[in-house]
Amino acid sequence: MLYRVMDKRELPALVRAFMESYEVVAPVKRGSGYIFDVIGSPEEIELDYTQTASSPKKYLMPPTETLMKFDANMNLVEDFIEQVTPRVIFGVHTCDINALNRLDVALIGGKYVDPYYQARRDATIVVGISCVPNENCFCHLWGADEAQFGYDLFLHDIGDKYLVSMSNVEATNILEAACELSEATDEDRIAFRQATRVRQSAFNKDIPDVQDVAMLMDVFHSDPFWEELGKKCLSCSACASVCPTCFCFDIRDVLTPDGKTGERQRTWDACTNPGFAMVTGGHNFRPTGRERVRHRMYHKLNGFFVNHDRMLCVGCGRCVTACKTGINPIEVLRFFKRKGADHAK
Amino acid sequence: MQSNMSRGIIEVDALREATPSMSGKEMLLGNAYRPWPARITSMRDLTANEKLVEMRFIDERVREAFVHEPGQFLELSLFGVGEAPISITSSPTKQGFVELCIRRAGTVTGALHSMHAGDIVGIRGPFGRGFPVDKFRGNDVLIVAGGLGIAPVRSLINYIHDNRSDFGKVTIVYGSRTPSDIMFRDQFEMWRHRKDFELYLTVDQPDDTWDGEVGVVTEPMKRLDFNPANTYGVVCGPPIMYKFVVQVMREKNIDYDHIYLDFERHMKCGMGKCGHCQIGHQYCCIDGPVFNYWEAKNIQGSM
């Protein structure tokens, strides 16, 4: 990976350069926390944020979006053209970059390309920023504490400077025009090495590192644990809303008041919703919280993994905060850690 | 990607139908969320609650590009009402037309029941993995269907019928709730006299007109005599039926991967994206809806 060093004082110049031709989205302070939002000036950006309440996925897959417009009487499609806003998502942590890479696999990998997601992804520049984990972070357990690809620029914090990984021409051109870059010195390299050490040693050691998680999901599929966990689920969908990798959706038609025309829309959906796996006629393939919560964890920690060789969880820890009843992957890992521990020598 | 989807622009263009340069395949796959207009060419009652609907794509290129395998499904679209996944009940050997067997059960199927020949619907697809007819070729086939499960299986039955010399002995066991729920009865009655299809119809609740077999589909299956080494089993029906039928097939020594099951799930997008049809680690819509029993045993929550 090509890299250069920039002085931190040049950051506002870089942001302003992006703002000339892009809408810039970045972490900003809202109330007691942080969110990703459109910024009006570089000063709003909070690059030292711990975690945002929700991920930047909403800019690639909006909570509700129009797929097409139609004439309901004729049952025909009408012309529908949407110009996607060229956008820079600035200050993205590795967990969220890895989450975008997983959304790419799900939505534009395989036989069918999702043209709506692809148009937005193609029009988006991602600028990553290194971070120090908080008490709910467990990205390192899934190898999501580093981003190998999926970003255009990545700013590694090395004190007064950033070591910048550059993987995209367009973004690099803007960077080079806006900032004075230098070659890394031995001092910079050592500072980078120390920064990665600090990050690695900062993870919460109470979150167990369990091997064979995917296989354990199969082996303990019938364990009473899932009944306990499922009973607590309120089906509020908060987990899926804040999850950077949840991509399931519903498709629905919305008519104009005269009923003559309308829009076919897609909206975020969640497999913890009671009717998610119900078929016409009323049969529900996942009728209770037990099956639904188990399926959500199973798809994250087994299903996606066996098909794509990576978990559909990046350990961002947002669901740990969002779930009001304490259902999250850490609890699953703790269950696996407890299981059989009293028999261990 | 597709020719007219340039960077940063999301486009669904009604006029694309009139773009002469596009092939039918590009039209179907360019934006696979977009349904293509088809005209209802005939509708007839199969039972009090089920209709056979025949449709034909209006655009000739789409009509030619829409080629399905027995066991595949499509998304039927009524703008303003919604979409529903429906298995294709006609054989691919019937060219230019698509037949669906529609039970009035939800909003889309309810609305369709009140439509008429000449009306326009939207169709996208075909989706999914159907029956492996090439594997079946040269072998005996035992087909077991229950209720509406006959709809996707009829596509296979008609395909075999139209290529009859390619297949060995064909046995069909079809169970219905009552005699008046039996679909395609005229077709089956016609075949009753044929030597090359062995047919067993059963009902749960007989009426005064019924002089046939009463009981579940596994009863006639148990009496059947076949060579497991060259027999493929096919099962489609209500969720409860699968394990009992598979049990009999296994007792008759049909191998795990010679038993094919057609599953029903809520296949909303048809493309392995929306998540509604997930079974364990698989998507019913792209990995299925037809799975062999070995695959099904390896999927959490399949049966």
# chains A, B, ... in the order shown; residues from 1 in each chain; ligands from 1

$ residues_around --residues "Ala13 (chain A)" --least-positions-apart "6" --cutoff "12 Å" --atoms "only C-alpha atoms" --output "PDB file with C-alpha atoms, in the first residue's frame"
ATOM      1  CA  MET A   6       0.816  14.632   6.474  1.00  0.00           C
ATOM      2  CA  ASP A   7       0.792  17.128   9.296  1.00  0.00           C
ATOM      3  CA  MET A  19     -16.198  19.884   0.249  1.00  0.00           C
ATOM      4  CA  GLU A  20     -15.611  21.710  -3.034  1.00  0.00           C
ATOM      5  CA  SER A  41     -17.281  23.094   8.054  1.00  0.00           C
ATOM      6  CA  PRO A  42     -14.215  21.024   9.064  1.00  0.00           C
ATOM      7  CA  GLU A  43     -14.483  22.281  12.659  1.00  0.00           C
ATOM      8  CA  ILE A 174      -7.300  15.891  -4.020  1.00  0.00           C
ATOM      9  CA  LEU A 175      -5.036  15.068  -1.064  1.00  0.00           C
ATOM     10  CA  GLU A 176      -1.859  16.013  -2.920  1.00  0.00           C
ATOM     11  CA  ALA A 177      -3.342  19.292  -4.165  1.00  0.00           C
ATOM     12  CA  ALA A 178      -4.606  20.284  -0.712  1.00  0.00           C
ATOM     13  CA  CYS A 179      -1.789  19.157   1.582  1.00  0.00           C
ATOM     14  CA  GLU A 180       1.983  19.136   1.823  1.00  0.00           C
TER      15      GLU A 180
END

$ interface_residues --of "chain A" --to "chain B" --cutoff "8 Å" --atoms "only C-alpha atoms" --output "ChimeraX atom specification"
/A:67-68,70-72,74-86,106-107,111-116,119-120,122-123,218,247-255,259,261-262,264,271,276-281,285,295,298-299,302-304,306-307

$ residues_around --residues "Cys243 (chain A)" --least-positions-apart "6" --cutoff "12 Å" --atoms "only C-alpha atoms" --output "MDAnalysis selection string"
chainID A and resid 52:58 95:96 99:100 102:103 237 268:270 296 300 312:323 328:329

$ atom_distance --atom1 "CA of Arg16 (chain A)" --atom2 "CA of Gly40 (chain A)"
9.6 Å

$ select_by_dssp --residues "region 35-109 of chain A" --states "strand (DSSP E or B)" --output "list in words"
Ile35, Phe36, Asp37, Val38, Thr52, Thr64, Glu65, Thr66, Leu67, Met68, Lys69, Phe70, Asp71, Leu76, Val77, Glu78, Phe80, Ile81, Glu82, Gln83, Arg87, Val88, Ile89, Phe90, Gly91 and Val92 of chain A

$ write_last_selection --atoms "N, CA, C and O atoms" --output "mmCIF file, in the first residue's frame"
data_model
loop_
_atom_site.group_PDB
_atom_site.id
_atom_site.type_symbol
_atom_site.label_atom_id
_atom_site.label_comp_id
_atom_site.auth_asym_id
_atom_site.auth_seq_id
_atom_site.Cartn_x
_atom_site.Cartn_y
_atom_site.Cartn_z
ATOM 1 N N ILE A 35 -22.653 10.925 15.927
ATOM 2 C CA ILE A 35 -23.318 10.317 14.772
ATOM 3 C C ILE A 35 -22.571 10.737 13.503
ATOM 4 O O ILE A 35 -21.784 11.685 13.524
ATOM 5 N N PHE A 36 -22.816 10.022 12.404
ATOM 6 C CA PHE A 36 -22.341 10.477 11.103
ATOM 7 C C PHE A 36 -23.388 11.429 10.535
ATOM 8 O O PHE A 36 -24.575 11.095 10.499
ATOM 9 N N ASP A 37 -22.948 12.617 10.106
ATOM 10 C CA ASP A 37 -23.889 13.581 9.533
ATOM 11 C C ASP A 37 -23.160 14.455 8.515
ATOM 12 O O ASP A 37 -21.916 14.502 8.504
ATOM 13 N N VAL A 38 -23.942 15.126 7.680
ATOM 14 C CA VAL A 38 -23.359 16.047 6.711
ATOM 15 C C VAL A 38 -22.787 17.246 7.470
ATOM 16 O O VAL A 38 -23.446 17.779 8.364
ATOM 17 N N THR A 52 -19.888 5.881 16.874
ATOM 18 C CA THR A 52 -21.133 6.579 16.539
ATOM 19 C C THR A 52 -22.308 5.665 16.867
ATOM 20 O O THR A 52 -22.168 4.437 16.856
ATOM 21 N N THR A 64 -35.166 4.096 3.794
ATOM 22 C CA THR A 64 -36.220 3.914 2.798
ATOM 23 C C THR A 64 -35.729 4.505 1.492
ATOM 24 O O THR A 64 -35.194 5.613 1.481
ATOM 25 N N GLU A 65 -35.859 3.771 0.401
ATOM 26 C CA GLU A 65 -35.489 4.341 -0.891
ATOM 27 C C GLU A 65 -36.455 3.876 -1.968
ATOM 28 O O GLU A 65 -37.060 2.810 -1.864
ATOM 29 N N THR A 66 -36.592 4.711 -2.991
ATOM 30 C CA THR A 66 -37.497 4.396 -4.087
ATOM 31 C C THR A 66 -36.779 3.504 -5.096
ATOM 32 O O THR A 66 -35.677 3.827 -5.531
ATOM 33 N N LEU A 67 -37.407 2.386 -5.424
ATOM 34 C CA LEU A 67 -36.831 1.511 -6.444
ATOM 35 C C LEU A 67 -37.330 1.900 -7.830
ATOM 36 O O LEU A 67 -36.611 1.817 -8.808
ATOM 37 N N MET A 68 -38.607 2.268 -7.887
ATOM 38 C CA MET A 68 -39.175 2.689 -9.180
ATOM 39 C C MET A 68 -40.497 3.395 -8.931
ATOM 40 O O MET A 68 -41.059 3.319 -7.841
ATOM 41 N N LYS A 69 -40.979 4.082 -9.978
ATOM 42 C CA LYS A 69 -42.308 4.689 -9.910
ATOM 43 C C LYS A 69 -43.195 3.936 -10.880
ATOM 44 O O LYS A 69 -42.719 3.373 -11.867
ATOM 45 N N PHE A 70 -44.481 3.937 -10.579
ATOM 46 C CA PHE A 70 -45.360 3.144 -11.447
ATOM 47 C C PHE A 70 -46.708 3.811 -11.658
ATOM 48 O O PHE A 70 -47.123 4.699 -10.902
ATOM 49 N N ASP A 71 -47.365 3.360 -12.721
ATOM 50 C CA ASP A 71 -48.744 3.717 -13.011
ATOM 51 C C ASP A 71 -49.582 2.515 -12.574
ATOM 52 O O ASP A 71 -49.504 1.442 -13.170
ATOM 53 N N LEU A 76 -47.816 -0.494 -15.079
ATOM 54 C CA LEU A 76 -46.577 -0.307 -15.830
ATOM 55 C C LEU A 76 -45.604 0.592 -15.054
ATOM 56 O O LEU A 76 -46.019 1.446 -14.271
ATOM 57 N N VAL A 77 -44.323 0.391 -15.344
ATOM 58 C CA VAL A 77 -43.265 1.228 -14.773
ATOM 59 C C VAL A 77 -43.291 2.594 -15.441
ATOM 60 O O VAL A 77 -43.572 2.704 -16.632
ATOM 61 N N GLU A 78 -43.028 3.643 -14.655
ATOM 62 C CA GLU A 78 -42.839 4.967 -15.235
ATOM 63 C C GLU A 78 -41.363 5.328 -15.143
ATOM 64 O O GLU A 78 -40.628 4.747 -14.358
ATOM 65 N N PHE A 80 -38.021 6.720 -14.043
ATOM 66 C CA PHE A 80 -37.515 7.131 -12.735
ATOM 67 C C PHE A 80 -36.002 7.231 -12.821
ATOM 68 O O PHE A 80 -35.325 6.251 -13.115
ATOM 69 N N ILE A 81 -35.485 8.436 -12.644
ATOM 70 C CA ILE A 81 -34.038 8.627 -12.678
ATOM 71 C C ILE A 81 -33.632 9.357 -11.412
ATOM 72 O O ILE A 81 -34.230 10.368 -11.050
ATOM 73 N N GLU A 82 -32.652 8.808 -10.720
ATOM 74 C CA GLU A 82 -32.142 9.478 -9.531
ATOM 75 C C GLU A 82 -30.647 9.690 -9.682
ATOM 76 O O GLU A 82 -29.911 8.746 -9.947
ATOM 77 N N GLN A 83 -30.219 10.937 -9.531
ATOM 78 C CA GLN A 83 -28.789 11.253 -9.553
ATOM 79 C C GLN A 83 -28.280 11.109 -8.126
ATOM 80 O O GLN A 83 -28.744 11.799 -7.218
ATOM 81 N N ARG A 87 -20.287 11.677 -2.670
ATOM 82 C CA ARG A 87 -20.159 11.900 -1.232
ATOM 83 C C ARG A 87 -18.826 11.369 -0.712
ATOM 84 O O ARG A 87 -18.323 10.353 -1.204
ATOM 85 N N VAL A 88 -18.277 12.075 0.271
ATOM 86 C CA VAL A 88 -17.113 11.568 0.996
ATOM 87 C C VAL A 88 -17.581 11.210 2.402
ATOM 88 O O VAL A 88 -18.210 12.033 3.075
ATOM 89 N N ILE A 89 -17.325 9.990 2.803
ATOM 90 C CA ILE A 89 -17.576 9.635 4.201
ATOM 91 C C ILE A 89 -16.223 9.692 4.887
ATOM 92 O O ILE A 89 -15.326 8.904 4.581
ATOM 93 N N PHE A 90 -16.088 10.662 5.774
ATOM 94 C CA PHE A 90 -14.786 11.018 6.346
ATOM 95 C C PHE A 90 -14.689 10.510 7.784
ATOM 96 O O PHE A 90 -15.609 10.701 8.573
ATOM 97 N N GLY A 91 -13.576 9.876 8.092
ATOM 98 C CA GLY A 91 -13.361 9.465 9.482
ATOM 99 C C GLY A 91 -14.060 8.163 9.850
ATOM 100 O O GLY A 91 -14.731 8.066 10.878
ATOM 101 N N VAL A 92 -13.896 7.146 8.997
ATOM 102 C CA VAL A 92 -14.566 5.860 9.213
ATOM 103 C C VAL A 92 -13.595 4.886 9.884
ATOM 104 O O VAL A 92 -12.451 4.741 9.445
#

$ select_by_dssp --residues "region 113-221 of chain A" --states "alpha helix (DSSP H)" --output "mmCIF file with N, CA, C and O atoms, in the first residue's frame"
data_model
loop_
_atom_site.group_PDB
_atom_site.id
_atom_site.type_symbol
_atom_site.label_atom_id
_atom_site.label_comp_id
_atom_site.auth_asym_id
_atom_site.auth_seq_id
_atom_site.Cartn_x
_atom_site.Cartn_y
_atom_site.Cartn_z
ATOM 1 N N PRO A 115 -28.402 -2.602 -8.276
ATOM 2 C CA PRO A 115 -27.947 -1.379 -8.946
ATOM 3 C C PRO A 115 -28.050 -0.139 -8.068
ATOM 4 O O PRO A 115 -27.321 0.829 -8.278
ATOM 5 N N TYR A 116 -28.935 -0.157 -7.089
ATOM 6 C CA TYR A 116 -29.129 1.001 -6.220
ATOM 7 C C TYR A 116 -27.946 1.143 -5.268
ATOM 8 O O TYR A 116 -27.392 2.223 -5.094
ATOM 9 N N TYR A 117 -27.574 0.032 -4.646
ATOM 10 C CA TYR A 117 -26.410 0.058 -3.753
ATOM 11 C C TYR A 117 -25.153 0.383 -4.553
ATOM 12 O O TYR A 117 -24.321 1.192 -4.136
ATOM 13 N N GLN A 118 -25.011 -0.243 -5.721
ATOM 14 C CA GLN A 118 -23.789 -0.047 -6.494
ATOM 15 C C GLN A 118 -23.610 1.412 -6.920
ATOM 16 O O GLN A 118 -22.507 1.948 -6.860
ATOM 17 N N ALA A 119 -24.699 2.046 -7.343
ATOM 18 C CA ALA A 119 -24.591 3.448 -7.783
ATOM 19 C C ALA A 119 -24.096 4.320 -6.636
ATOM 20 O O ALA A 119 -23.258 5.204 -6.828
ATOM 21 N N ARG A 120 -24.590 4.072 -5.435
ATOM 22 C CA ARG A 120 -24.165 4.867 -4.280
ATOM 23 C C ARG A 120 -22.725 4.539 -3.876
ATOM 24 O O ARG A 120 -21.949 5.430 -3.544
ATOM 25 N N ARG A 121 -22.392 3.269 -3.905
ATOM 26 C CA ARG A 121 -21.036 2.865 -3.516
ATOM 27 C C ARG A 121 -20.016 3.470 -4.484
ATOM 28 O O ARG A 121 -18.965 3.951 -4.071
ATOM 29 N N ASP A 122 -20.347 3.454 -5.799
ATOM 30 C CA ASP A 122 -19.438 3.999 -6.807
ATOM 31 C C ASP A 122 -19.249 5.500 -6.643
ATOM 32 O O ASP A 122 -18.220 6.042 -7.033
ATOM 33 N N VAL A 169 -6.938 6.941 -6.915
ATOM 34 C CA VAL A 169 -6.306 8.052 -7.638
ATOM 35 C C VAL A 169 -7.019 9.373 -7.373
ATOM 36 O O VAL A 169 -6.391 10.383 -7.045
ATOM 37 N N GLU A 170 -8.359 9.333 -7.513
ATOM 38 C CA GLU A 170 -9.141 10.560 -7.377
ATOM 39 C C GLU A 170 -8.915 11.207 -6.006
ATOM 40 O O GLU A 170 -8.664 12.409 -5.895
ATOM 41 N N ALA A 171 -8.999 10.373 -4.959
ATOM 42 C CA ALA A 171 -8.828 10.889 -3.600
ATOM 43 C C ALA A 171 -7.393 11.352 -3.380
ATOM 44 O O ALA A 171 -7.145 12.367 -2.711
ATOM 45 N N THR A 172 -6.425 10.636 -3.951
ATOM 46 C CA THR A 172 -5.020 11.005 -3.786
ATOM 47 C C THR A 172 -4.724 12.334 -4.470
ATOM 48 O O THR A 172 -3.991 13.177 -3.935
ATOM 49 N N ASN A 173 -5.301 12.554 -5.652
ATOM 50 C CA ASN A 173 -5.123 13.830 -6.345
ATOM 51 C C ASN A 173 -5.597 14.991 -5.484
ATOM 52 O O ASN A 173 -4.927 16.023 -5.386
ATOM 53 N N ILE A 174 -6.757 14.828 -4.872
ATOM 54 C CA ILE A 174 -7.300 15.891 -4.020
ATOM 55 C C ILE A 174 -6.390 16.101 -2.806
ATOM 56 O O ILE A 174 -6.078 17.230 -2.427
ATOM 57 N N LEU A 175 -5.932 14.998 -2.226
ATOM 58 C CA LEU A 175 -5.036 15.068 -1.064
ATOM 59 C C LEU A 175 -3.740 15.796 -1.412
ATOM 60 O O LEU A 175 -3.305 16.700 -0.691
ATOM 61 N N GLU A 176 -3.148 15.424 -2.538
ATOM 62 C CA GLU A 176 -1.859 16.013 -2.920
ATOM 63 C C GLU A 176 -1.983 17.498 -3.247
ATOM 64 O O GLU A 176 -1.070 18.283 -2.974
ATOM 65 N N ALA A 177 -3.139 17.883 -3.824
ATOM 66 C CA ALA A 177 -3.342 19.292 -4.165
ATOM 67 C C ALA A 177 -3.583 20.129 -2.913
ATOM 68 O O ALA A 177 -3.207 21.298 -2.857
ATOM 69 N N ALA A 178 -4.200 19.510 -1.888
ATOM 70 C CA ALA A 178 -4.606 20.284 -0.712
ATOM 71 C C ALA A 178 -3.534 20.324 0.379
ATOM 72 O O ALA A 178 -3.469 21.274 1.154
ATOM 73 N N ASP A 186 12.080 7.296 9.683
ATOM 74 C CA ASP A 186 12.158 6.152 10.593
ATOM 75 C C ASP A 186 11.358 6.417 11.863
ATOM 76 O O ASP A 186 10.697 5.530 12.403
ATOM 77 N N GLU A 187 11.376 7.662 12.292
ATOM 78 C CA GLU A 187 10.621 8.068 13.475
ATOM 79 C C GLU A 187 9.110 7.848 13.258
ATOM 80 O O GLU A 187 8.412 7.333 14.137
ATOM 81 N N ASP A 188 8.630 8.209 12.060
ATOM 82 C CA ASP A 188 7.212 8.019 11.733
ATOM 83 C C ASP A 188 6.845 6.530 11.753
ATOM 84 O O ASP A 188 5.794 6.138 12.244
ATOM 85 N N ARG A 189 7.737 5.721 11.209
ATOM 86 C CA ARG A 189 7.466 4.282 11.147
ATOM 87 C C ARG A 189 7.378 3.680 12.550
ATOM 88 O O ARG A 189 6.513 2.860 12.828
ATOM 89 N N ILE A 190 8.294 4.117 13.418
ATOM 90 C CA ILE A 190 8.262 3.636 14.800
ATOM 91 C C ILE A 190 6.975 4.102 15.491
ATOM 92 O O ILE A 190 6.311 3.341 16.208
ATOM 93 N N ALA A 191 6.597 5.359 15.229
ATOM 94 C CA ALA A 191 5.369 5.896 15.826
ATOM 95 C C ALA A 191 4.152 5.091 15.364
ATOM 96 O O ALA A 191 3.236 4.806 16.148
ATOM 97 N N PHE A 192 4.146 4.679 14.095
ATOM 98 C CA PHE A 192 3.051 3.857 13.562
ATOM 99 C C PHE A 192 3.013 2.507 14.268
ATOM 100 O O PHE A 192 1.954 2.030 14.684
ATOM 101 N N ARG A 193 4.187 1.908 14.435
ATOM 102 C CA ARG A 193 4.256 0.600 15.107
ATOM 103 C C ARG A 193 3.741 0.704 16.546
ATOM 104 O O ARG A 193 3.020 -0.165 17.023
ATOM 105 N N GLN A 194 4.122 1.804 17.205
ATOM 106 C CA GLN A 194 3.675 1.977 18.594
ATOM 107 C C GLN A 194 2.162 2.189 18.670
ATOM 108 O O GLN A 194 1.501 1.669 19.561
ATOM 109 N N ALA A 195 1.637 2.907 17.703
ATOM 110 C CA ALA A 195 0.185 3.160 17.694
ATOM 111 C C ALA A 195 -0.588 1.851 17.540
ATOM 112 O O ALA A 195 -1.606 1.634 18.208
ATOM 113 N N THR A 196 -0.108 0.954 16.664
ATOM 114 C CA THR A 196 -0.816 -0.321 16.505
ATOM 115 C C THR A 196 -0.725 -1.146 17.784
ATOM 116 O O THR A 196 -1.668 -1.827 18.159
ATOM 117 N N ARG A 197 0.428 -1.038 18.486
ATOM 118 C CA ARG A 197 0.577 -1.749 19.773
ATOM 119 C C ARG A 197 -0.439 -1.253 20.802
ATOM 120 O O ARG A 197 -1.066 -2.038 21.498
ATOM 121 N N VAL A 198 -0.547 0.070 20.888
ATOM 122 C CA VAL A 198 -1.474 0.676 21.848
ATOM 123 C C VAL A 198 -2.891 0.177 21.565
ATOM 124 O O VAL A 198 -3.623 -0.225 22.478
ATOM 125 N N ARG A 199 -3.274 0.156 20.292
ATOM 126 C CA ARG A 199 -4.624 -0.278 19.938
ATOM 127 C C ARG A 199 -4.825 -1.748 20.341
ATOM 128 O O ARG A 199 -5.808 -2.103 20.973
ATOM 129 N N GLN A 200 -3.864 -2.580 19.974
ATOM 130 C CA GLN A 200 -4.014 -4.010 20.249
ATOM 131 C C GLN A 200 -4.129 -4.317 21.732
ATOM 132 O O GLN A 200 -4.843 -5.237 22.125
ATOM 133 N N SER A 201 -3.430 -3.532 22.562
ATOM 134 C CA SER A 201 -3.449 -3.842 23.995
ATOM 135 C C SER A 201 -4.639 -3.198 24.707
ATOM 136 O O SER A 201 -4.846 -3.419 25.890
ATOM 137 N N VAL A 213 -16.111 -20.658 16.533
ATOM 138 C CA VAL A 213 -17.423 -20.070 16.803
ATOM 139 C C VAL A 213 -18.489 -20.590 15.825
ATOM 140 O O VAL A 213 -19.591 -20.967 16.231
ATOM 141 N N ALA A 214 -18.138 -20.652 14.542
ATOM 142 C CA ALA A 214 -19.129 -21.092 13.551
ATOM 143 C C ALA A 214 -19.605 -22.513 13.854
ATOM 144 O O ALA A 214 -20.802 -22.810 13.831
ATOM 145 N N MET A 215 -18.660 -23.397 14.163
ATOM 146 C CA MET A 215 -19.023 -24.786 14.463
ATOM 147 C C MET A 215 -19.822 -24.857 15.767
ATOM 148 O O MET A 215 -20.781 -25.630 15.879
ATOM 149 N N LEU A 216 -19.447 -24.035 16.748
ATOM 150 C CA LEU A 216 -20.189 -24.022 18.014
ATOM 151 C C LEU A 216 -21.639 -23.598 17.791
ATOM 152 O O LEU A 216 -22.551 -24.081 18.478
ATOM 153 N N MET A 217 -21.869 -22.698 16.835
ATOM 154 C CA MET A 217 -23.236 -22.278 16.530
ATOM 155 C C MET A 217 -24.068 -23.478 16.069
ATOM 156 O O MET A 217 -25.260 -23.563 16.337
ATOM 157 N N ASP A 218 -23.430 -24.408 15.335
ATOM 158 C CA ASP A 218 -24.129 -25.630 14.924
ATOM 159 C C ASP A 218 -24.276 -26.603 16.088
ATOM 160 O O ASP A 218 -25.337 -27.169 16.313
ATOM 161 N N VAL A 219 -23.192 -26.788 16.824
ATOM 162 C CA VAL A 219 -23.162 -27.815 17.871
ATOM 163 C C VAL A 219 -24.167 -27.501 18.987
ATOM 164 O O VAL A 219 -24.820 -28.391 19.515
#

$ residues_around --residues "His156 (chain A)" --least-positions-apart "2" --cutoff "9 Å" --atoms "only C-alpha atoms" --output "ChimeraX atom specification"
/A:128-131,154,158,161-165,192,195

$ write_last_selection --atoms "N, CA and C atoms" --output "compact mmCIF listing (two decimals), in the first residue's frame"
# COMPACT_ATOMS: atom_id res chain seq x y z
N GLY A 128 -10.75 6.61 5.89
CA GLY A 128 -10.70 5.93 7.18
C GLY A 128 -9.85 6.67 8.19
N ILE A 129 -10.07 6.35 9.46
CA ILE A 129 -9.26 6.93 10.55
C ILE A 129 -8.98 5.83 11.58
N SER A 130 -7.77 5.77 12.08
CA SER A 130 -7.45 4.75 13.07
C SER A 130 -8.12 5.11 14.40
N CYS A 131 -8.27 4.12 15.27
CA CYS A 131 -9.01 4.36 16.50
C CYS A 131 -8.43 3.55 17.65
N PHE A 154 -6.70 6.27 4.10
CA PHE A 154 -6.82 5.89 5.50
C PHE A 154 -5.80 6.66 6.31
N ILE A 158 -0.43 9.12 14.12
CA ILE A 158 0.88 8.84 14.72
C ILE A 158 1.38 10.06 15.51
N LYS A 161 1.12 13.80 13.43
CA LYS A 161 0.99 13.56 11.99
C LYS A 161 0.08 12.38 11.71
N TYR A 162 -0.33 12.27 10.45
CA TYR A 162 -1.04 11.06 9.99
C TYR A 162 -0.16 10.34 8.98
N LEU A 163 -0.06 9.04 9.12
CA LEU A 163 0.49 8.21 8.08
C LEU A 163 -0.71 7.86 7.20
N VAL A 164 -0.69 8.28 5.94
CA VAL A 164 -1.87 8.15 5.09
C VAL A 164 -1.69 7.03 4.07
N SER A 165 -2.54 5.99 4.16
CA SER A 165 -2.58 4.96 3.11
C SER A 165 -3.45 5.50 1.98
N PHE A 192 4.15 4.68 14.10
CA PHE A 192 3.05 3.86 13.56
C PHE A 192 3.01 2.51 14.27
N ALA A 195 1.64 2.91 17.70
CA ALA A 195 0.19 3.16 17.69
C ALA A 195 -0.59 1.85 17.54

$ atom_distance --atom1 "CA of Arg192 (chain B)" --atom2 "CA of Tyr174 (chain B)"
12.9 Å

$ residues_around --residues "Phe184 (chain B)" --least-positions-apart "2" --cutoff "9 Å" --atoms "only C-alpha atoms" --output "PDB file with N, CA and C atoms, in the first residue's frame"
ATOM      1  N   LEU B  46     -59.327 -23.938 -11.218  1.00  0.00           N
ATOM      2  CA  LEU B  46     -58.875 -25.303 -10.963  1.00  0.00           C
ATOM      3  C   LEU B  46     -59.692 -25.905  -9.825  1.00  0.00           C
ATOM      4  N   ILE B 150     -48.382 -29.432  -5.893  1.00  0.00           N
ATOM      5  CA  ILE B 150     -48.459 -29.970  -7.249  1.00  0.00           C
ATOM      6  C   ILE B 150     -48.044 -28.908  -8.274  1.00  0.00           C
ATOM      7  N   ARG B 154     -45.818 -29.918 -11.340  1.00  0.00           N
ATOM      8  CA  ARG B 154     -46.474 -30.092 -12.641  1.00  0.00           C
ATOM      9  C   ARG B 154     -45.554 -29.634 -13.774  1.00  0.00           C
ATOM     10  N   ILE B 182     -58.533 -31.373  -5.691  1.00  0.00           N
ATOM     11  CA  ILE B 182     -57.560 -31.953  -6.620  1.00  0.00           C
ATOM     12  C   ILE B 182     -57.415 -31.039  -7.840  1.00  0.00           C
ATOM     13  N   ASP B 186     -58.442 -33.303 -14.627  1.00  0.00           N
ATOM     14  CA  ASP B 186     -58.716 -33.772 -15.988  1.00  0.00           C
ATOM     15  C   ASP B 186     -57.459 -34.345 -16.623  1.00  0.00           C
ATOM     16  N   GLN B 187     -56.343 -33.639 -16.423  1.00  0.00           N
ATOM     17  CA  GLN B 187     -55.075 -34.113 -16.985  1.00  0.00           C
ATOM     18  C   GLN B 187     -54.695 -35.476 -16.381  1.00  0.00           C
ATOM     19  N   PHE B 188     -54.859 -35.586 -15.062  1.00  0.00           N
ATOM     20  CA  PHE B 188     -54.488 -36.835 -14.408  1.00  0.00           C
ATOM     21  C   PHE B 188     -55.431 -37.979 -14.802  1.00  0.00           C
ATOM     22  N   GLU B 189     -56.732 -37.666 -14.900  1.00  0.00           N
ATOM     23  CA  GLU B 189     -57.695 -38.712 -15.279  1.00  0.00           C
ATOM     24  C   GLU B 189     -57.359 -39.258 -16.660  1.00  0.00           C
TER      25      GLU B 189
END

$ residues_around --residues "region 198-215 of chain B" --least-positions-apart "6" --cutoff "9 Å" --atoms "only C-alpha atoms" --output "ChimeraX atom specification"
/B:169-182,188,191-192,221

$ write_last_selection --atoms "C-alpha atoms" --output "short mmCIF file (atom, residue, chain, number, x, y, z; two decimals), in the first residue's frame"
data_model
loop_
_atom_site.label_atom_id
_atom_site.label_comp_id
_atom_site.auth_asym_id
_atom_site.auth_seq_id
_atom_site.Cartn_x
_atom_site.Cartn_y
_atom_site.Cartn_z
CA LYS B 169 -40.65 -45.34 -14.98
CA VAL B 170 -42.51 -42.29 -13.67
CA THR B 171 -44.73 -42.59 -10.60
CA ILE B 172 -46.85 -39.74 -9.27
CA VAL B 173 -48.42 -39.74 -5.81
CA TYR B 174 -50.63 -36.72 -5.21
CA GLY B 175 -52.53 -36.08 -2.01
CA SER B 176 -55.32 -33.54 -1.53
CA ARG B 177 -57.56 -32.56 1.34
CA THR B 178 -60.84 -33.35 -0.43
CA PRO B 179 -61.74 -34.55 -3.95
CA SER B 180 -62.74 -31.01 -4.94
CA ASP B 181 -59.25 -29.76 -4.00
CA ILE B 182 -57.56 -31.95 -6.62
CA PHE B 188 -54.49 -36.83 -14.41
CA TRP B 191 -53.24 -40.26 -17.83
CA ARG B 192 -54.88 -42.91 -15.70
CA MET B 221 -45.82 -45.03 -1.35
#
